[in-house]
>>> print(open('data_16.pdb').read())   # PDB, C-alpha atoms and all ligand atoms
ATOM      1  CA  MET A 157      12.940   3.895 -22.548
ATOM      2  CA  LYS A 158      15.145   2.438 -19.894
ATOM      3  CA  GLN A 159      15.727  -1.243 -19.626
ATOM      4  CA  ALA A 160      12.966  -3.018 -17.736
ATOM      5  CA  ILE A 161      13.602  -3.201 -13.997
ATOM      6  CA  PRO A 162      11.596  -5.752 -12.014
ATOM      7  CA  ILE A 163      10.020  -4.585  -8.763
ATOM      8  CA  ILE A 164      11.965  -7.197  -6.765
ATOM      9  CA  GLU A 165      15.271  -5.453  -7.596
ATOM     10  CA  ILE A 166      14.417  -2.161  -5.954
ATOM     11  CA  MET A 167      11.808  -3.011  -3.299
ATOM     12  CA  SER A 168      12.712  -3.102   0.373
ATOM     13  CA  LYS A 169      12.819  -6.728   1.448
ATOM     14  CA  ASP A 170      11.407  -8.096   4.699
ATOM     15  CA  PRO A 171       9.142  -5.145   5.396
ATOM     16  CA  ILE A 172       8.519  -4.345   9.032
ATOM     17  CA  THR A 173       5.052  -5.466  10.018
ATOM     18  CA  ILE A 174       2.666  -4.982  12.900
ATOM     19  CA  SER A 175      -0.583  -6.561  14.087
ATOM     20  CA  PRO A 176      -3.861  -4.654  13.564
ATOM     21  CA  ASP A 177      -4.514  -5.018  17.295
ATOM     22  CA  ALA A 178      -1.243  -3.401  18.393
ATOM     23  CA  SER A 179      -1.545   0.060  19.933
ATOM     24  CA  ALA A 180      -0.465   3.294  18.286
ATOM     25  CA  VAL A 181       2.276   3.522  20.945
ATOM     26  CA  GLU A 182       3.696   0.117  19.986
ATOM     27  CA  ALA A 183       3.587   1.082  16.307
ATOM     28  CA  ALA A 184       5.295   4.429  16.899
ATOM     29  CA  ASN A 185       8.018   2.777  19.008
ATOM     30  CA  LEU A 186       8.612   0.167  16.308
ATOM     31  CA  MET A 187       8.929   2.882  13.650
ATOM     32  CA  ARG A 188      11.404   4.764  15.810
ATOM     33  CA  SER A 189      13.552   1.743  16.702
ATOM     34  CA  ARG A 190      13.675   0.516  13.081
ATOM     35  CA  ALA A 191      13.956   4.034  11.611
ATOM     36  CA  VAL A 192      11.086   3.629   9.157
ATOM     37  CA  GLY A 193       8.186   5.900   8.274
ATOM     38  CA  SER A 194       5.600   3.213   7.656
ATOM     39  CA  LEU A 195       4.615  -0.292   8.745
ATOM     40  CA  LEU A 196       2.662  -2.941   6.910
ATOM     41  CA  VAL A 197      -0.279  -4.198   8.925
ATOM     42  CA  VAL A 198      -0.479  -7.979   8.635
ATOM     43  CA  SER A 199      -3.199 -10.359   9.784
ATOM     44  CA  GLY A 200      -2.968 -14.112   9.238
ATOM     45  CA  GLY A 201       0.125 -13.592   7.077
ATOM     46  CA  LYS A 202      -1.706 -11.250   4.693
ATOM     47  CA  PRO A 203      -1.188  -7.515   4.339
ATOM     48  CA  ILE A 204      -4.439  -5.719   5.206
ATOM     49  CA  GLY A 205      -3.259  -2.136   5.607
ATOM     50  CA  ILE A 206      -0.415   0.330   5.922
ATOM     51  CA  VAL A 207       0.149   2.703   8.799
ATOM     52  CA  THR A 208       2.375   5.757   8.398
ATOM     53  CA  GLU A 209       3.676   8.582  10.587
ATOM     54  CA  LYS A 210       1.094  10.794   8.890
ATOM     55  CA  ASP A 211      -1.730   8.552  10.109
ATOM     56  CA  PHE A 212      -0.636   9.196  13.697
ATOM     57  CA  VAL A 213      -0.459  12.940  13.148
ATOM     58  CA  THR A 214      -3.848  13.229  11.435
ATOM     59  CA  LYS A 215      -5.826  10.517  13.238
ATOM     60  CA  VAL A 216      -4.348  10.437  16.749
ATOM     61  CA  THR A 217      -2.558  13.681  17.639
ATOM     62  CA  ALA A 218      -4.860  16.025  15.701
ATOM     63  CA  GLU A 219      -7.914  14.416  17.268
ATOM     64  CA  ASP A 220      -6.383  14.589  20.743
ATOM     65  CA  ARG A 221      -6.639  10.818  21.298
ATOM     66  CA  LYS A 222      -4.495   8.922  23.765
ATOM     67  CA  PRO A 223      -2.086   6.786  21.665
ATOM     68  CA  SER A 224      -2.056   3.867  24.123
ATOM     69  CA  THR A 225      -5.822   3.440  23.663
ATOM     70  CA  VAL A 226      -5.817   3.622  19.864
ATOM     71  CA  LYS A 227      -5.365   0.415  17.870
ATOM     72  CA  VAL A 228      -3.423   0.258  14.630
ATOM     73  CA  LYS A 229      -6.504  -1.001  12.783
ATOM     74  CA  GLU A 230      -8.366   2.198  13.675
ATOM     75  CA  VAL A 231      -5.823   4.479  12.009
ATOM     76  CA  MET A 232      -4.301   2.338   9.237
ATOM     77  CA  THR A 233      -4.991   2.948   5.584
ATOM     78  CA  SER A 234      -6.812  -0.053   4.140
ATOM     79  CA  PRO A 235      -7.047  -1.756   1.735
ATOM     80  CA  VAL A 236      -3.403  -2.193   0.810
ATOM     81  CA  VAL A 237      -2.664  -2.690  -2.846
ATOM     82  CA  THR A 238      -0.367  -5.528  -3.848
ATOM     83  CA  VAL A 239       1.948  -6.087  -6.817
ATOM     84  CA  ASP A 240       3.863  -9.039  -8.201
ATOM     85  CA  PRO A 241       7.656  -8.910  -7.602
ATOM     86  CA  TYR A 242       8.463  -9.828 -11.204
ATOM     87  CA  GLN A 243       6.418  -7.049 -12.777
ATOM     88  CA  GLU A 244       8.331  -4.037 -14.097
ATOM     89  CA  ILE A 245       8.549  -0.958 -11.912
ATOM     90  CA  LEU A 246       6.586   0.799 -14.675
ATOM     91  CA  GLU A 247       3.573  -1.272 -13.617
ATOM     92  CA  ALA A 248       4.074  -0.317  -9.973
ATOM     93  CA  ALA A 249       4.329   3.364 -10.924
ATOM     94  CA  LYS A 250       1.122   3.109 -12.982
ATOM     95  CA  THR A 251      -0.750   1.477 -10.111
ATOM     96  CA  MET A 252       0.446   4.180  -7.693
ATOM     97  CA  ALA A 253      -0.633   6.882 -10.136
ATOM     98  CA  ASP A 254      -4.030   5.298 -10.830
ATOM     99  CA  LEU A 255      -4.874   4.879  -7.167
ATOM    100  CA  GLN A 256      -2.999   7.972  -5.914
ATOM    101  CA  ILE A 257      -1.012   6.008  -3.361
ATOM    102  CA  ARG A 258       2.717   5.945  -2.606
ATOM    103  CA  ARG A 259       3.292   2.432  -1.285
ATOM    104  CA  LEU A 260       2.516  -1.069  -2.521
ATOM    105  CA  ALA A 261       2.914  -4.420  -0.783
ATOM    106  CA  VAL A 262       4.902  -6.937  -2.844
ATOM    107  CA  VAL A 263       3.336 -10.376  -2.641
ATOM    108  CA  ASP A 264       4.719 -13.564  -4.196
ATOM    109  CA  ASP A 265       2.543 -16.692  -4.056
ATOM    110  CA  ASP A 266       0.361 -15.200  -1.304
ATOM    111  CA  THR A 267       3.424 -14.402   0.811
ATOM    112  CA  LEU A 268       4.401 -10.873   1.700
ATOM    113  CA  ILE A 269       8.017 -10.376   0.592
ATOM    114  CA  GLY A 270       8.512  -6.642   0.294
ATOM    115  CA  LEU A 271       7.339  -3.069   0.131
ATOM    116  CA  ILE A 272       7.853  -0.698  -2.778
ATOM    117  CA  THR A 273       7.417   3.042  -2.349
ATOM    118  CA  GLU A 274       7.268   5.986  -4.716
ATOM    119  CA  ASN A 275      10.647   7.056  -3.305
ATOM    120  CA  ASP A 276      12.203   3.693  -4.263
ATOM    121  CA  ILE A 277      11.094   4.310  -7.859
ATOM    122  CA  LEU A 278      12.168   7.965  -7.843
ATOM    123  CA  LYS A 279      15.692   6.894  -6.836
ATOM    124  CA  VAL A 280      16.194   4.685  -9.898
ATOM    125  CA  TRP A 281      13.961   6.394 -12.451
ATOM    126  CA  PRO A 282      12.940   9.931 -11.429
ATOM    127  CA  ALA A 283      10.938  10.720 -14.583
ATOM    128  CA  LEU A 284       8.748   7.642 -14.342
ATOM    129  CA  ILE A 285       6.464   9.003 -11.629
ATOM    130  CA  GLU A 286       5.737  12.148 -13.639
ATOM    131  CA  ILE A 287       5.092  10.215 -16.843
ATOM    132  CA  THR A 288       2.651   7.851 -15.177
ATOM    133  CA  ARG A 289       0.870  10.643 -13.299
ATOM    134  CA  GLU A 290       0.178  12.420 -16.562
ATOM    135  CA  ARG A 291      -1.325   9.358 -18.168
ATOM    136  CA  ALA A 292      -3.102   8.063 -15.054
ATOM    137  CA  GLU A 293      -6.527   9.155 -16.310
ATOM    138  CA  MET A 294      -6.258   6.864 -19.298
ATOM    139  CA  ALA A 295      -4.853   3.852 -17.487
ATOM    140  CA  THR A 296      -6.862   0.777 -16.606
ATOM    141  CA  PRO A 297      -5.901  -0.856 -13.325
ATOM    142  CA  ALA A 298      -5.139  -4.560 -13.365
ATOM    143  CA  GLU A 299      -7.590  -7.134 -12.011
ATOM    144  CA  GLY A 300      -7.308  -8.019  -8.348
ATOM    145  CA  VAL A 301      -4.981  -5.245  -7.285
ATOM    146  CA  GLY A 302      -6.062  -4.833  -3.689
ATOM    147  CA  VAL A 303      -6.173  -6.932  -0.536
ATOM    148  CA  GLY A 304      -8.148  -5.702   2.443
ATOM    149  CA  TYR A 305     -11.546  -4.372   3.361
ATOM    150  CA  CYS A 306     -13.948  -3.372   0.594
ATOM    151  CA  GLU A 307     -14.612   0.370   0.746
ATOM    152  CA  THR A 308     -18.323  -0.205   0.114
ATOM    153  CA  CYS A 309     -19.375  -3.237   2.187
ATOM    154  CA  SER A 310     -16.287  -3.635   4.475
ATOM    155  CA  THR A 311     -15.949  -7.349   3.627
ATOM    156  CA  PHE A 312     -12.385  -8.708   3.489
ATOM    157  CA  SER A 313     -11.396  -9.535  -0.078
ATOM    158  CA  GLU A 314      -8.201 -10.507  -1.879
ATOM    159  CA  SER A 315      -9.380  -9.148  -5.213
ATOM    160  CA  LEU A 316     -10.380  -5.562  -4.632
ATOM    161  CA  ASN A 317     -10.432  -3.407  -7.718
ATOM    162  CA  LEU A 318     -11.075   0.216  -8.577
ATOM    163  CA  HIS A 319     -14.741   0.954  -9.282
ATOM    164  CA  ASN A 320     -16.172   4.485  -9.348
ATOM    165  CA  GLY A 321     -13.117   5.735  -7.470
ATOM    166  CA  GLN A 322     -13.215   3.196  -4.645
ATOM    167  CA  LEU A 323     -11.470  -0.120  -4.070
ATOM    168  CA  VAL A 324     -14.316  -2.599  -3.878
ATOM    169  CA  CYS A 325     -14.862  -6.360  -3.771
ATOM    170  CA  PRO A 326     -16.135  -8.377  -6.792
ATOM    171  CA  GLU A 327     -19.696  -8.475  -5.417
ATOM    172  CA  CYS A 328     -19.884  -4.704  -5.080
ATOM    173  CA  ARG A 329     -18.433  -4.222  -8.574
ATOM    174  CA  GLU A 330     -21.404  -6.083 -10.032
ATOM    175  CA  GLU A 331     -23.989  -3.771  -8.523
TER     176      GLU A 331
HETATM  177 ZN    ZN B 401     -17.985  -5.073  -1.155
END
>>> encode(input="data_16.pdb", output="structure tokens")
Amino acid sequence: MKQAIPIIEIMSKDPITISPDASAVEAANLMRSRAVGSLLVVSGGKPIGIVTEKDFVTKVTAEDRKPSTVKVKEVMTSPVVTVDPYQEILEAAKTMADLQIRRLAVVDDDTLIGLITENDILKVWPALIEITRERAEMATPAEGVGVGYCETCSTFSESLNLHNGQLVCPECREE
């Protein structure tokens, strides 16, 4: 095994963020001017979703919608899953594998401080993604991994967790 690497060492700091009420045009222009492929969607200082170039292709262009009339919150992927900056990248890779996602928001003390992507991990430890994908079926996700809208009842929650394949709030996990 390699020496433990904390997430904070390889994450991108000061991720570029956008409001859920911004238009798809504003988001696309921001991505172009900052040369990034994704933006964290932040409301009240908290990450609630991620919007990527792919979201625009599949949810705006492919559906023949006018980008200036589409809001970021309509096309973003939510909830966004968060990790602690001082956890090892192994934990981030496991979470990505368990939830089949490629990006995690890094949150320290309720403050958004970074973004870690599968590519960031691949750059420093290429084998890790494969290892964790293979064992993903056996893994148990940590408590309170997600922040955003429950996939069952659509209530905002800061402790979404995987339940029957969906990220749901504590109330829906009890049912
Ligand atoms: Zn719920």
>>> residues_around(input="data_16.pdb", residues="Glu307 of chain A", least_positions_apart="6", cutoff="7 Å", atoms="all atoms listed in the file", output="list in words")
Gln322, Leu323 and Val324 of chain A
>>> residues_near_ligand(input="data_16.pdb", ligand="ligand ZN 401 (chain B)", cutoff="12 Å", atoms="all atoms listed in the file", output="JSON, numbers by chain")
{"A": [235, 303, 304, 305, 306, 307, 308, 309, 310, 311, 312, 313, 314, 315, 316, 317, 318, 319, 322, 323, 324, 325, 326, 327, 328, 329, 330, 331]}
>>> resolve_selection(input="data_16.pdb", expression="the PyMOL selection byres (((chain A and resi 181-195) around 8) and not hetatm)", output="list in words")
Pro171, Ile172, Thr173, Ile174, Ala178, Ser179, Ala180, Leu196, Val197, Ile206, Val207, Thr208, Glu209, Pro223, Ser224 and Val228 of chain A
>>> atom_distance(input="data_16.pdb", atom1="atom CA of Asp240 of chain A", atom2="atom CA of Ile163 of chain A")
7.6 Å
>>> resolve_selection(input="data_16.pdb", expression="the PyMOL selection byres (((chain A and resi 166) around 12) and not hetatm)", output="list in words")
Ala160, Ile161, Pro162, Ile163, Ile164, Glu165, Met167, Ser168, Lys169, Pro241, Tyr242, Gln243, Glu244, Ile245, Ala248, Val262, Gly270, Leu271, Ile272, Thr273, Glu274, Asn275, Asp276, Ile277, Leu278, Lys279, Val280 and Trp281 of chain A
>>> axis_aligned_box(input="data_16.pdb", around="segment 243-250 of chain A", padding_each_side="3 Å", output="AutoDock Vina command-line options")
--center_x 4.8 --center_y -1.8 --center_z -12.3 --size_x 13.4 --size_y 16.4 --size_z 10.7
>>> atom_distance(input="data_16.pdb", atom1="atom CA of Asp211 of chain A", atom2="atom CA of Glu230 of chain A")
9.9 Å
